[in-house]
file work_35.cif (mmCIF, C-alpha atoms)
data_protein
#
loop_
_atom_site.group_PDB
_atom_site.id
_atom_site.type_symbol
_atom_site.label_atom_id
_atom_site.label_comp_id
_atom_site.auth_asym_id
_atom_site.auth_seq_id
_atom_site.Cartn_x
_atom_site.Cartn_y
_atom_site.Cartn_z
ATOM 1 C CA MET A 1 100.060 118.301 124.280
ATOM 2 C CA ARG A 2 97.029 118.751 126.538
ATOM 3 C CA PRO A 3 96.201 115.842 128.907
ATOM 4 C CA ILE A 4 92.635 115.677 127.551
ATOM 5 C CA THR A 5 94.128 114.714 124.193
ATOM 6 C CA TYR A 6 94.931 111.243 125.552
ATOM 7 C CA PHE A 7 91.209 110.495 125.722
ATOM 8 C CA THR A 8 91.218 110.459 121.925
ATOM 9 C CA LEU A 9 92.969 107.078 122.112
ATOM 10 C CA ALA A 10 89.611 105.582 123.097
ATOM 11 C CA PHE A 11 87.698 107.026 120.125
ATOM 12 C CA ALA A 12 88.350 104.240 117.625
ATOM 13 C CA PRO A 13 87.934 101.257 120.006
ATOM 14 C CA VAL A 14 84.718 102.687 121.484
ATOM 15 C CA VAL A 15 83.166 103.321 118.063
ATOM 16 C CA ALA A 16 84.241 99.832 116.940
ATOM 17 C CA LEU A 17 82.642 98.223 119.997
ATOM 18 C CA GLY A 18 79.440 100.160 119.434
ATOM 19 C CA MET A 19 79.258 99.008 115.821
ATOM 20 C CA TYR A 20 80.140 95.447 116.817
ATOM 21 C CA PHE A 21 77.297 95.057 119.307
ATOM 22 C CA TYR A 22 74.675 97.033 117.398
ATOM 23 C CA LEU A 23 75.269 95.499 113.973
ATOM 24 C CA GLY A 24 75.992 92.087 115.441
ATOM 25 C CA ARG A 25 72.563 92.073 117.045
ATOM 26 C CA LYS A 26 71.071 93.039 113.690
ATOM 27 C CA TYR A 27 73.005 90.745 111.340
ATOM 28 C CA GLY A 28 74.221 87.889 113.524
ATOM 29 C CA LYS A 29 77.424 86.218 114.708
ATOM 30 C CA ALA A 30 78.836 85.570 111.236
ATOM 31 C CA PHE A 31 78.702 89.291 110.532
ATOM 32 C CA GLN A 32 80.347 90.040 113.888
ATOM 33 C CA LYS A 33 83.154 87.619 113.071
ATOM 34 C CA VAL A 34 83.951 89.445 109.836
ATOM 35 C CA MET A 35 83.814 92.764 111.686
ATOM 36 C CA ILE A 36 86.511 91.502 114.061
ATOM 37 C CA GLN A 37 88.575 90.287 111.117
ATOM 38 C CA SER A 38 88.211 93.688 109.462
ATOM 39 C CA PHE A 39 89.344 95.460 112.626
ATOM 40 C CA LEU A 40 92.417 93.222 112.898
ATOM 41 C CA ALA A 41 93.162 93.671 109.187
ATOM 42 C CA GLY A 42 93.212 97.420 109.731
ATOM 43 C CA MET A 43 95.636 97.037 112.617
ATOM 44 C CA LEU A 44 97.959 94.998 110.407
ATOM 45 C CA GLY A 45 97.747 97.758 107.808
ATOM 46 C CA VAL A 46 99.722 100.080 110.082
ATOM 47 C CA SER A 47 102.807 98.048 109.129
ATOM 48 C CA VAL A 48 102.692 99.511 105.613
ATOM 49 C CA LEU A 49 102.634 103.049 107.018
ATOM 50 C CA ALA A 50 105.500 102.224 109.365
ATOM 51 C CA ALA A 51 107.557 100.762 106.502
ATOM 52 C CA ALA A 52 106.876 103.816 104.327
ATOM 53 C CA LYS A 53 107.921 106.130 107.150
ATOM 54 C CA ILE A 54 111.148 104.220 107.775
ATOM 55 C CA LEU A 55 111.986 104.094 104.057
ATOM 56 C CA SER A 56 111.254 107.772 103.455
ATOM 57 C CA THR A 57 113.400 108.697 106.458
ATOM 58 C CA ALA A 58 116.273 106.550 105.207
ATOM 59 C CA LEU A 59 116.054 108.210 101.774
ATOM 60 C CA GLY A 60 115.914 111.692 103.243
ATOM 61 C CA LEU A 61 112.454 112.371 101.844
ATOM 62 C CA ASN A 62 111.136 113.664 105.154
ATOM 63 C CA ASP A 63 113.206 116.828 104.906
ATOM 64 C CA LEU A 64 110.278 118.991 103.844
ATOM 65 C CA ARG A 65 112.206 121.927 102.454
ATOM 66 C CA SER A 66 110.134 122.357 99.313
ATOM 67 C CA MET A 67 106.523 122.163 98.190
ATOM 68 C CA LYS A 68 107.311 119.039 96.148
ATOM 69 C CA ARG A 69 108.647 117.270 99.235
ATOM 70 C CA LEU A 70 105.603 118.338 101.247
ATOM 71 C CA LEU A 71 103.217 117.058 98.573
ATOM 72 C CA PHE A 72 105.143 113.775 98.324
ATOM 73 C CA TYR A 73 105.063 113.318 102.083
ATOM 74 C CA SER A 74 101.350 114.132 102.341
ATOM 75 C CA PHE A 75 100.055 112.078 99.417
ATOM 76 C CA ILE A 76 102.593 109.234 99.169
ATOM 77 C CA THR A 77 104.425 108.663 102.461
ATOM 78 C CA ILE A 78 101.299 109.127 104.567
ATOM 79 C CA GLY A 79 98.258 109.106 102.258
ATOM 80 C CA LEU A 80 99.126 106.222 99.929
ATOM 81 C CA ALA A 81 100.869 104.116 102.566
ATOM 82 C CA SER A 82 97.988 104.469 105.040
ATOM 83 C CA GLU A 83 95.247 103.650 102.563
ATOM 84 C CA LEU A 84 97.187 100.870 100.842
ATOM 85 C CA GLY A 85 97.746 99.261 104.238
ATOM 86 C CA LYS A 86 93.994 99.259 104.872
ATOM 87 C CA PHE A 87 93.144 98.262 101.313
ATOM 88 C CA VAL A 88 95.036 95.015 100.683
ATOM 89 C CA LEU A 89 93.458 92.710 103.281
ATOM 90 C CA TYR A 90 90.133 94.527 103.089
ATOM 91 C CA ARG A 91 89.823 94.094 99.320
ATOM 92 C CA TYR A 92 91.212 90.570 98.938
ATOM 93 C CA TYR A 93 90.275 88.942 102.255
ATOM 94 C CA ILE A 94 87.242 90.767 103.682
ATOM 95 C CA VAL A 95 85.168 91.895 100.687
ATOM 96 C CA PRO A 96 84.879 88.414 99.065
ATOM 97 C CA LYS A 97 83.156 86.994 102.158
ATOM 98 C CA LYS A 98 79.514 85.955 101.788
ATOM 99 C CA VAL A 99 78.227 88.144 104.622
ATOM 100 C CA ILE A 100 79.039 91.197 102.518
ATOM 101 C CA ASP A 101 75.963 90.851 100.360
ATOM 102 C CA ARG A 102 75.096 94.536 99.985
ATOM 103 C CA PRO A 103 77.178 97.613 99.104
ATOM 104 C CA ILE A 104 76.494 99.169 102.513
ATOM 105 C CA HIS A 105 78.213 96.200 104.135
ATOM 106 C CA GLY A 106 81.339 97.073 102.160
ATOM 107 C CA ILE A 107 81.319 100.482 103.826
ATOM 108 C CA THR A 108 80.725 98.897 107.236
ATOM 109 C CA MET A 109 83.757 96.621 106.967
ATOM 110 C CA SER A 110 85.890 99.425 105.552
ATOM 111 C CA VAL A 111 85.040 101.570 108.561
ATOM 112 C CA MET A 112 85.874 98.695 110.916
ATOM 113 C CA ALA A 113 89.236 98.226 109.196
ATOM 114 C CA THR A 114 89.907 101.938 109.568
ATOM 115 C CA LEU A 115 89.007 101.865 113.254
ATOM 116 C CA GLY A 116 91.528 99.063 113.723
ATOM 117 C CA PHE A 117 94.099 101.126 111.842
ATOM 118 C CA CYS A 118 93.389 104.188 113.980
ATOM 119 C CA SER A 119 93.665 102.184 117.202
ATOM 120 C CA LEU A 120 97.365 101.615 116.483
ATOM 121 C CA ALA A 121 98.261 104.560 114.262
ATOM 122 C CA LEU A 122 96.958 107.269 116.587
ATOM 123 C CA PRO A 123 99.227 106.248 119.490
ATOM 124 C CA GLY A 124 102.063 106.103 116.956
ATOM 125 C CA PHE A 125 101.468 109.708 115.954
ATOM 126 C CA MET A 126 100.999 110.726 119.579
ATOM 127 C CA LEU A 127 104.362 109.188 120.480
ATOM 128 C CA HIS A 128 105.936 110.922 117.449
ATOM 129 C CA PHE A 129 106.741 107.665 115.702
ATOM 130 C CA PHE A 130 105.480 109.260 112.474
ATOM 131 C CA HIS A 131 106.614 112.766 113.440
ATOM 132 C CA THR A 132 107.923 115.095 110.757
ATOM 133 C CA GLN A 133 108.696 118.810 110.711
ATOM 134 C CA PRO A 134 106.807 121.072 110.403
ATOM 135 C CA ALA A 135 104.776 119.602 113.238
ATOM 136 C CA TYR A 136 101.084 118.953 113.001
ATOM 137 C CA PRO A 137 98.831 121.046 115.236
ATOM 138 C CA GLU A 138 98.822 118.026 117.528
ATOM 139 C CA THR A 139 95.787 118.675 119.721
ATOM 140 C CA LEU A 140 93.586 119.377 116.702
ATOM 141 C CA TYR A 141 95.036 116.408 114.842
ATOM 142 C CA MET A 142 94.330 113.952 117.633
ATOM 143 C CA PHE A 143 90.687 115.007 117.847
ATOM 144 C CA ILE A 144 89.972 114.861 114.118
ATOM 145 C CA PHE A 145 92.141 111.863 113.223
ATOM 146 C CA VAL A 146 89.447 109.198 113.691
ATOM 147 C CA PRO A 147 86.565 111.166 112.066
ATOM 148 C CA ALA A 148 88.802 112.012 109.105
ATOM 149 C CA ASN A 149 89.828 108.396 108.621
ATOM 150 C CA ILE A 150 86.192 107.309 108.774
ATOM 151 C CA ILE A 151 85.559 109.670 105.844
ATOM 152 C CA PHE A 152 88.358 108.011 103.870
ATOM 153 C CA ALA A 153 86.934 104.606 104.795
ATOM 154 C CA VAL A 154 83.493 105.469 103.451
ATOM 155 C CA VAL A 155 85.003 106.594 100.145
ATOM 156 C CA MET A 156 87.001 103.376 99.812
ATOM 157 C CA GLY A 157 84.224 101.165 101.129
ATOM 158 C CA PHE A 158 81.618 102.596 98.785
ATOM 159 C CA PHE A 159 83.547 101.986 95.578
ATOM 160 C CA VAL A 160 85.233 98.720 96.567
ATOM 161 C CA GLY A 161 82.019 97.391 98.103
ATOM 162 C CA MET A 162 79.974 98.471 95.109
ATOM 163 C CA GLY A 163 82.541 96.914 92.803
ATOM 164 C CA LYS A 164 81.774 93.461 94.202
ATOM 165 C CA PHE A 165 78.330 93.578 92.639
ATOM 166 C CA ILE A 166 79.003 95.091 89.215
ATOM 167 C CA LYS A 167 81.002 94.095 86.156
ATOM 168 C CA THR A 168 83.374 97.069 86.251
ATOM 169 C CA TYR A 169 84.799 95.959 89.606
ATOM 170 C CA PHE A 170 88.413 96.739 88.673
ATOM 171 C CA THR A 171 87.652 100.373 87.869
ATOM 172 C CA PHE A 172 85.585 100.774 91.022
ATOM 173 C CA THR A 173 88.307 99.155 93.117
ATOM 174 C CA LEU A 174 90.976 101.553 91.865
ATOM 175 C CA THR A 175 88.612 104.483 92.304
ATOM 176 C CA GLY A 176 88.032 103.454 95.909
ATOM 177 C CA LEU A 177 91.740 103.169 96.662
ATOM 178 C CA PHE A 178 92.911 106.348 94.979
ATOM 179 C CA GLY A 179 89.870 108.309 96.083
ATOM 180 C CA ALA A 180 90.762 107.511 99.697
ATOM 181 C CA VAL A 181 94.426 108.329 99.012
ATOM 182 C CA PHE A 182 93.474 111.719 97.574
ATOM 183 C CA PHE A 183 91.269 112.635 100.526
ATOM 184 C CA HIS A 184 93.875 111.422 103.025
ATOM 185 C CA GLY A 185 96.711 113.250 101.286
ATOM 186 C CA LEU A 186 94.744 116.489 101.091
ATOM 187 C CA PHE A 187 93.870 116.183 104.768
ATOM 188 C CA ILE A 188 97.531 115.788 105.751
ATOM 189 C CA PHE A 189 98.584 118.615 103.421
ATOM 190 C CA THR A 190 96.137 121.078 104.989
ATOM 191 C CA LEU A 191 97.445 120.170 108.449
ATOM 192 C CA MET A 192 101.112 120.366 107.481
ATOM 193 C CA THR A 193 100.607 123.798 105.924
ATOM 194 C CA GLN A 194 98.186 124.801 108.696
ATOM 195 C CA ASP A 195 95.801 126.102 106.062
ATOM 196 C CA PHE A 196 92.690 126.027 108.207
ATOM 197 C CA LYS A 197 90.445 127.647 105.595
ATOM 198 C CA LEU A 198 91.247 124.818 103.206
ATOM 199 C CA LEU A 199 90.785 122.333 106.048
ATOM 200 C CA SER A 200 87.325 123.745 106.745
ATOM 201 C CA LEU A 201 86.368 123.496 103.069
ATOM 202 C CA PHE A 202 87.739 119.968 102.969
ATOM 203 C CA ALA A 203 85.761 118.966 106.054
ATOM 204 C CA PHE A 204 82.505 120.370 104.708
ATOM 205 C CA GLY A 205 82.925 119.034 101.162
ATOM 206 C CA SER A 206 84.052 115.574 102.193
ATOM 207 C CA THR A 207 81.229 115.251 104.722
ATOM 208 C CA VAL A 208 78.657 116.047 102.041
ATOM 209 C CA ILE A 209 80.252 113.563 99.627
ATOM 210 C CA VAL A 210 80.378 110.822 102.265
ATOM 211 C CA PHE A 211 76.741 111.426 103.200
ATOM 212 C CA ILE A 212 75.710 111.053 99.556
ATOM 213 C CA LEU A 213 77.795 107.888 99.120
ATOM 214 C CA GLY A 214 76.366 106.380 102.294
ATOM 215 C CA ILE A 215 72.781 107.006 101.174
ATOM 216 C CA LYS A 216 73.543 105.613 97.718
ATOM 217 C CA ALA A 217 75.062 102.434 99.173
ATOM 218 C CA ALA A 218 72.179 101.975 101.614
ATOM 219 C CA VAL A 219 69.495 102.080 98.914
ATOM 220 C CA THR A 220 71.398 100.082 96.279
ATOM 221 C CA GLU A 221 70.464 96.439 95.897
ATOM 222 C CA PRO A 222 72.971 93.980 94.377
ATOM 223 C CA GLU A 223 72.505 93.128 90.731
ATOM 224 C CA ILE A 224 71.280 89.582 90.137
ATOM 225 C CA ASP A 225 73.014 87.695 87.329
#

call {"tool": "encode", "arguments": {"input": "work_35.cif", "output": "structure tokens"}}
result
Amino acid sequence: MRPITYFTLAFAPVVALGMYFYLGRKYGKAFQKVMIQSFLAGMLGVSVLAAAKILSTALGLNDLRSMKRLLFYSFITIGLASELGKFVLYRYYIVPKKVIDRPIHGITMSVMATLGFCSLALPGFMLHFFHTQPAYPETLYMFIFVPANIIFAVVMGFFVGMGKFIKTYFTFTLTGLFGAVFFHGLFIFTLMTQDFKLLSLFAFGSTVIVFILGIKAAVTEPEID
């Protein structure tokens, strides 16, 4: 691994600090407090990924000798465990708070939770705590890990945040969770197979989708009962 790769460890904390000071100045101390709580909730979410990794290793599911095992590892062991870890406290502890009074704030807190997750998970991957053969292209992975997880956070944050303000909240909540799981699993799968054409298509398509979701959340006003 190249020495410059270690600078990627600062990506998530630096982005989180930037958001904290900029948005805190705009929305106030109460909003900053929830941002900190979201960040810490994301850090706690790494425990679900760690438990999934330990369990899958104990059951021999990390022996990726078939396409089925590779798909299971990508979408369940890593994708589902990672996003479920972020989801639980975000959905049931963060989203109900009064400061989240617009859908765009749901995305903001989801991104903060993801940055907290990345701040612990990225060193874990770098130290091979979550290592599985075939190896990721590590240098590439370290540089795109945080941006990719921000994409997953926007997908989850849009639907879960939007769900707070509409009657079909349960459907939107599940869509947010499993949408993020799908994107995360596909991301891991393209890296594990080193299919860089698919990775490029994924990066372009997901960026467009996230841009559209962000604009939609920004211009949407909560429904008044």

call {"tool": "atom_distance", "arguments": {"input": "work_35.cif", "atom1": "CA of Leu177 in chain A", "atom2": "CA of Lys29 in chain A"}}
result
28.6 Å

call {"tool": "resolve_selection", "arguments": {"input": "work_35.cif", "expression": "the PyMOL selection byres ((chain A and resi 41) around 12)", "output": "NGL selection string"}}
result
:A and (34-40 or 42-48 or 84-95 or 109-120)

call {"tool": "resolve_selection", "arguments": {"input": "work_35.cif", "expression": "the PyMOL selection byres ((chain A and resi 178-193) around 6)", "output": "compact mmCIF listing (two decimals) with C-alpha atoms, in the coordinates of the input"}}
result
# COMPACT_ATOMS: atom_id res chain seq x y z
CA SER A 74 101.35 114.13 102.34
CA PHE A 75 100.06 112.08 99.42
CA GLY A 79 98.26 109.11 102.26
CA LEU A 80 99.13 106.22 99.93
CA GLU A 83 95.25 103.65 102.56
CA TYR A 136 101.08 118.95 113.00
CA PHE A 152 88.36 108.01 103.87
CA VAL A 155 85.00 106.59 100.14
CA MET A 156 87.00 103.38 99.81
CA THR A 175 88.61 104.48 92.30
CA GLY A 176 88.03 103.45 95.91
CA LEU A 177 91.74 103.17 96.66
CA GLN A 194 98.19 124.80 108.70
CA ASP A 195 95.80 126.10 106.06
CA LEU A 199 90.78 122.33 106.05

call {"tool": "resolve_selection", "arguments": {"input": "work_35.cif", "expression": "the PyMOL selection byres ((chain A and resi 207) around 12)", "output": "ChimeraX atom specification"}}
result
/A:147-152,154-155,183,199-206,208-214

call {"tool": "residues_around", "arguments": {"input": "work_35.cif", "residues": "Met142 in chain A", "least_positions_apart": "2", "cutoff": "8 Å", "atoms": "all atoms listed in the file", "output": "ChimeraX atom specification"}}
result
/A:5,8,122,126,138-140,144-146

call {"tool": "closest_residue", "arguments": {"input": "work_35.cif", "among": "A:Phe159, A:Tyr22, A:Phe143, A:Phe172", "to": "Phe7 in chain A", "atoms": "all atoms listed in the file"}}
result
A:Phe143

call {"tool": "atom_distance", "arguments": {"input": "work_35.cif", "atom1": "CA of Leu17 in chain A", "atom2": "CA of Ala30 in chain A"}}
result
15.9 Å
